[in-house]
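Colleague: After the structure tokens below, expect a handful of questions from me.
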Amino acid sequence: MYLLAVDGGGSKTLARLQHTISGKQWQAAGGPAQLSNDLELAVATVRQLSLQLCQQADINLAQVMACIGLAGAGNPQLYRAFCQQLQLDFAAWQLTTDARTSLYGANNGEPVVMVALGTGSVAMRLTADGTEQQTGGWGFNIGDEGGGAWLGKLAVRQLLWQLDSDDGVSSPLTQALAAQCGNDIQTVLPWLKQAGASDFAALAPLVFAHQHCPLAQQLLHQHATAIAELIYCCRGERPLPVVLLGGLAASSQPLLSPEISSLLQPARGDALDGGMILAARQLAHLTGAARLNKNSDSAGI
């Protein structure tokens, strides 16, 4: 039997196939697979990577136990639509969120608070009794505090204030932003009209790159405060370690307070590792159920 883990997001999708006995692995990468952005593309990407890995390993889908973790899978309507459209004859498979696969990968399936900082942000905790709880992850329009799009949006707001002021664009950070978004209302408005979460997130590195700028320092302080609030809300008073994951994790960690930093531990794995853990649990569950049924039949129950 083989285990397949898929980790899909707004920019790329990674997949790993592993033989349960030998441990041999095959990996592949593809385009985006975020359900809320493009459901059909997500289906096509997952299907293509699954078939590609099976071809590399020279196996059939019926030999595969799959866990597919995708951004947007928490939406019930999108969840059902994806499950209806995928149409791959795995031995068994499950669809879950990329946050949940990251949660199980962060501390190798053991209790933890996982905070993902990428284009968006989300925290999840796993306790010793197996209870899972998500905090945040509401999306760019209303939440994602501490994520790249949220930070980029804060920065663009400062650019707009300076464009409206008597002094104009005056700080090193807003000058860099103006080079990307426009330096007057005629150019900024068209950019704002078409900008999505990924466009705002692409501006976050500019804030980190201008840490000598007082305005950037102010925004990064807000960024660190938002991450701390996310951690406190998810962790509460539970004695759980905290793991930061995602594209902004490494650059954000030095900004955090000593109190928050004392809670952190390095990640023991990533979303693909978490997907493997969940796929293996599903295999163990199905194998155990099959044995139980066999024993029941043998006993004449």
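Here's how to read the names in the structure tokens: chain A, B, ... by the order shown, residue numbers from 1 in each chain, ligand numbers from 1 in the order shown.
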List the spatial neighbours of stretch 189-205 of chain A as an MDAnalysis selection string - criterion: any atom at most 12 Å away, only C-alpha atoms, same-chain residues fewer than 5 positions off excluded.

Modeller: chainID A and resid 9:11 37 117:121 139:157 159:160 163 173:174 176:184 210:211 216 219:220 223 247:248 251:252

Colleague: I need the residues of stretch 9-106 of chain A that end up classed as strand (DSSP E or B) by DSSP on the backbone, written out as a list in words.

Modeller: Thr13, Leu14, Ala15, Arg16, Leu17, Gln18, His19, Gln25, Trp26, Gln27, Ala28, Ala29, Gly30, Val64, Met65, Ala66, Cys67, Ile68, Gly69, Leu70, Ala92, Trp93, Gln94, Leu95, Thr96 and Thr97 of chain A

Colleague: State, in Å with one decimal place, the distance from atom CA of A:Val188 to atom CA of A:Val122.

Modeller: 29.4 Å

Colleague: List as a ChimeraX atom specification the protein and nucleic acid residues near A:Val113, meaning an atom at most 6 Å away when only C-alpha atoms are counted, but skip any in the same chain fewer than 2 places from it.

Modeller: /A:124-125,242

Colleague: Go ahead and save the picked residues with N, CA and C atoms, as a PDB file, in the first residue's frame.

Modeller:
ATOM      1  N   MET A 124      -4.058  26.812  14.687  1.00  0.00           N
ATOM      2  CA  MET A 124      -4.813  25.636  15.091  1.00  0.00           C
ATOM      3  C   MET A 124      -4.093  24.981  16.260  1.00  0.00           C
ATOM      4  N   ARG A 125      -4.865  24.413  17.149  1.00  0.00           N
ATOM      5  CA  ARG A 125      -4.256  23.676  18.251  1.00  0.00           C
ATOM      6  C   ARG A 125      -4.719  22.224  18.232  1.00  0.00           C
ATOM      7  N   VAL A 242       4.422  26.174  20.685  1.00  0.00           N
ATOM      8  CA  VAL A 242       3.929  26.913  19.515  1.00  0.00           C
ATOM      9  C   VAL A 242       4.932  26.772  18.380  1.00  0.00           C
TER      10      VAL A 242
END

Colleague: Listing only residues of stretch 39-144 of chain A within 12 Å of stretch 259-264 of chain A, what is the closest atom pair and its distance in Å (to one decimal) for each, using only C-alpha atoms, sorted by chain and residue number ascending, as JSON lines?

Modeller:
{"residue": "A:Ala106", "atom": "CA", "partner": "A:Leu264", "partner_atom": "CA", "distance": 11.5}
{"residue": "A:Asn107", "atom": "CA", "partner": "A:Leu264", "partner_atom": "CA", "distance": 11.5}
{"residue": "A:Val112", "atom": "CA", "partner": "A:Leu264", "partner_atom": "CA", "distance": 10.0}
{"residue": "A:Val113", "atom": "CA", "partner": "A:Leu264", "partner_atom": "CA", "distance": 9.4}
{"residue": "A:Met114", "atom": "CA", "partner": "A:Leu264", "partner_atom": "CA", "distance": 9.9}
{"residue": "A:Val115", "atom": "CA", "partner": "A:Leu264", "partner_atom": "CA", "distance": 10.3}

Colleague: Can I get the selection written as a tab-separated table (two decimals), in the first residue's frame, with N, CA and C atoms?

Modeller:
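Result saved to result15.tsv:
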chain	number	residue	atom	x	y	z
A	106	ALA	N	3.39	19.92	12.16
A	106	ALA	CA	4.19	20.85	12.96
A	106	ALA	C	4.93	20.18	14.11
A	107	ASN	N	4.26	19.23	14.79
A	107	ASN	CA	4.89	18.57	15.94
A	107	ASN	C	4.75	17.06	15.82
A	112	VAL	N	0.15	20.61	20.09
A	112	VAL	CA	0.87	21.80	19.63
A	112	VAL	C	-0.12	22.89	19.27
A	113	VAL	N	0.36	24.12	19.23
A	113	VAL	CA	-0.34	25.22	18.57
A	113	VAL	C	0.46	25.57	17.32
A	114	MET	N	-0.17	25.45	16.18
A	114	MET	CA	0.47	25.75	14.90
A	114	MET	C	-0.07	27.08	14.40
A	115	VAL	N	0.86	27.98	14.04
A	115	VAL	CA	0.48	29.27	13.48
A	115	VAL	C	1.09	29.38	12.09

Colleague: As a count of residues only, which residues of stretch 144-237 of chain A does DSSP assign to helix (DSSP H, G or I)?

Modeller: 70

Colleague: With distances taken over only C-alpha atoms, which of A:His285, A:Lys12, A:His19, A:His212 is nearest to A:Thr45?

Modeller: A:Lys12

Colleague: If we count only C-alpha atoms, what is near stretch 48-56 of chain A at a cut-off of 7 Å, once residues fewer than 4 positions away on the same chain are taken out, given as a PyMOL selection string?

Modeller: chain A and resi 15+17+26-28+30+44+60-61

Colleague: With C-alpha atoms retained, write the just-selected residues as a compact mmCIF listing (two decimals), in the first residue's frame.

Modeller:
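Now in out-v5.txt:
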# COMPACT_ATOMS: atom_id res chain seq x y z
CA ALA A 15 2.56 16.12 -3.43
CA LEU A 17 3.83 9.42 -2.51
CA TRP A 26 8.25 10.16 -4.99
CA GLN A 27 7.52 13.90 -5.06
CA ALA A 28 5.97 16.32 -7.52
CA GLY A 30 2.31 21.84 -9.59
CA ALA A 44 -7.11 19.54 -12.30
CA ASN A 60 -2.54 1.98 -9.65
CA LEU A 61 -4.70 4.48 -7.78

Colleague: Restricting the calculation to only C-alpha atoms: of A:Leu78, A:Leu35, A:Ala5, A:Cys83, which residue gets closest to A:Ala66?

Modeller: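 Checking each candidate against A:Ala66, we get A:Ala5 as the closest.
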
Colleague: Of the candidates A:Ile277, A:Arg47, A:Tyr232, A:Gln94, which one gets nearest to A:Arg80 if we count only C-alpha atoms?

Modeller: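 Of the candidates, the smallest distance to A:Arg80 is held by A:Gln94.
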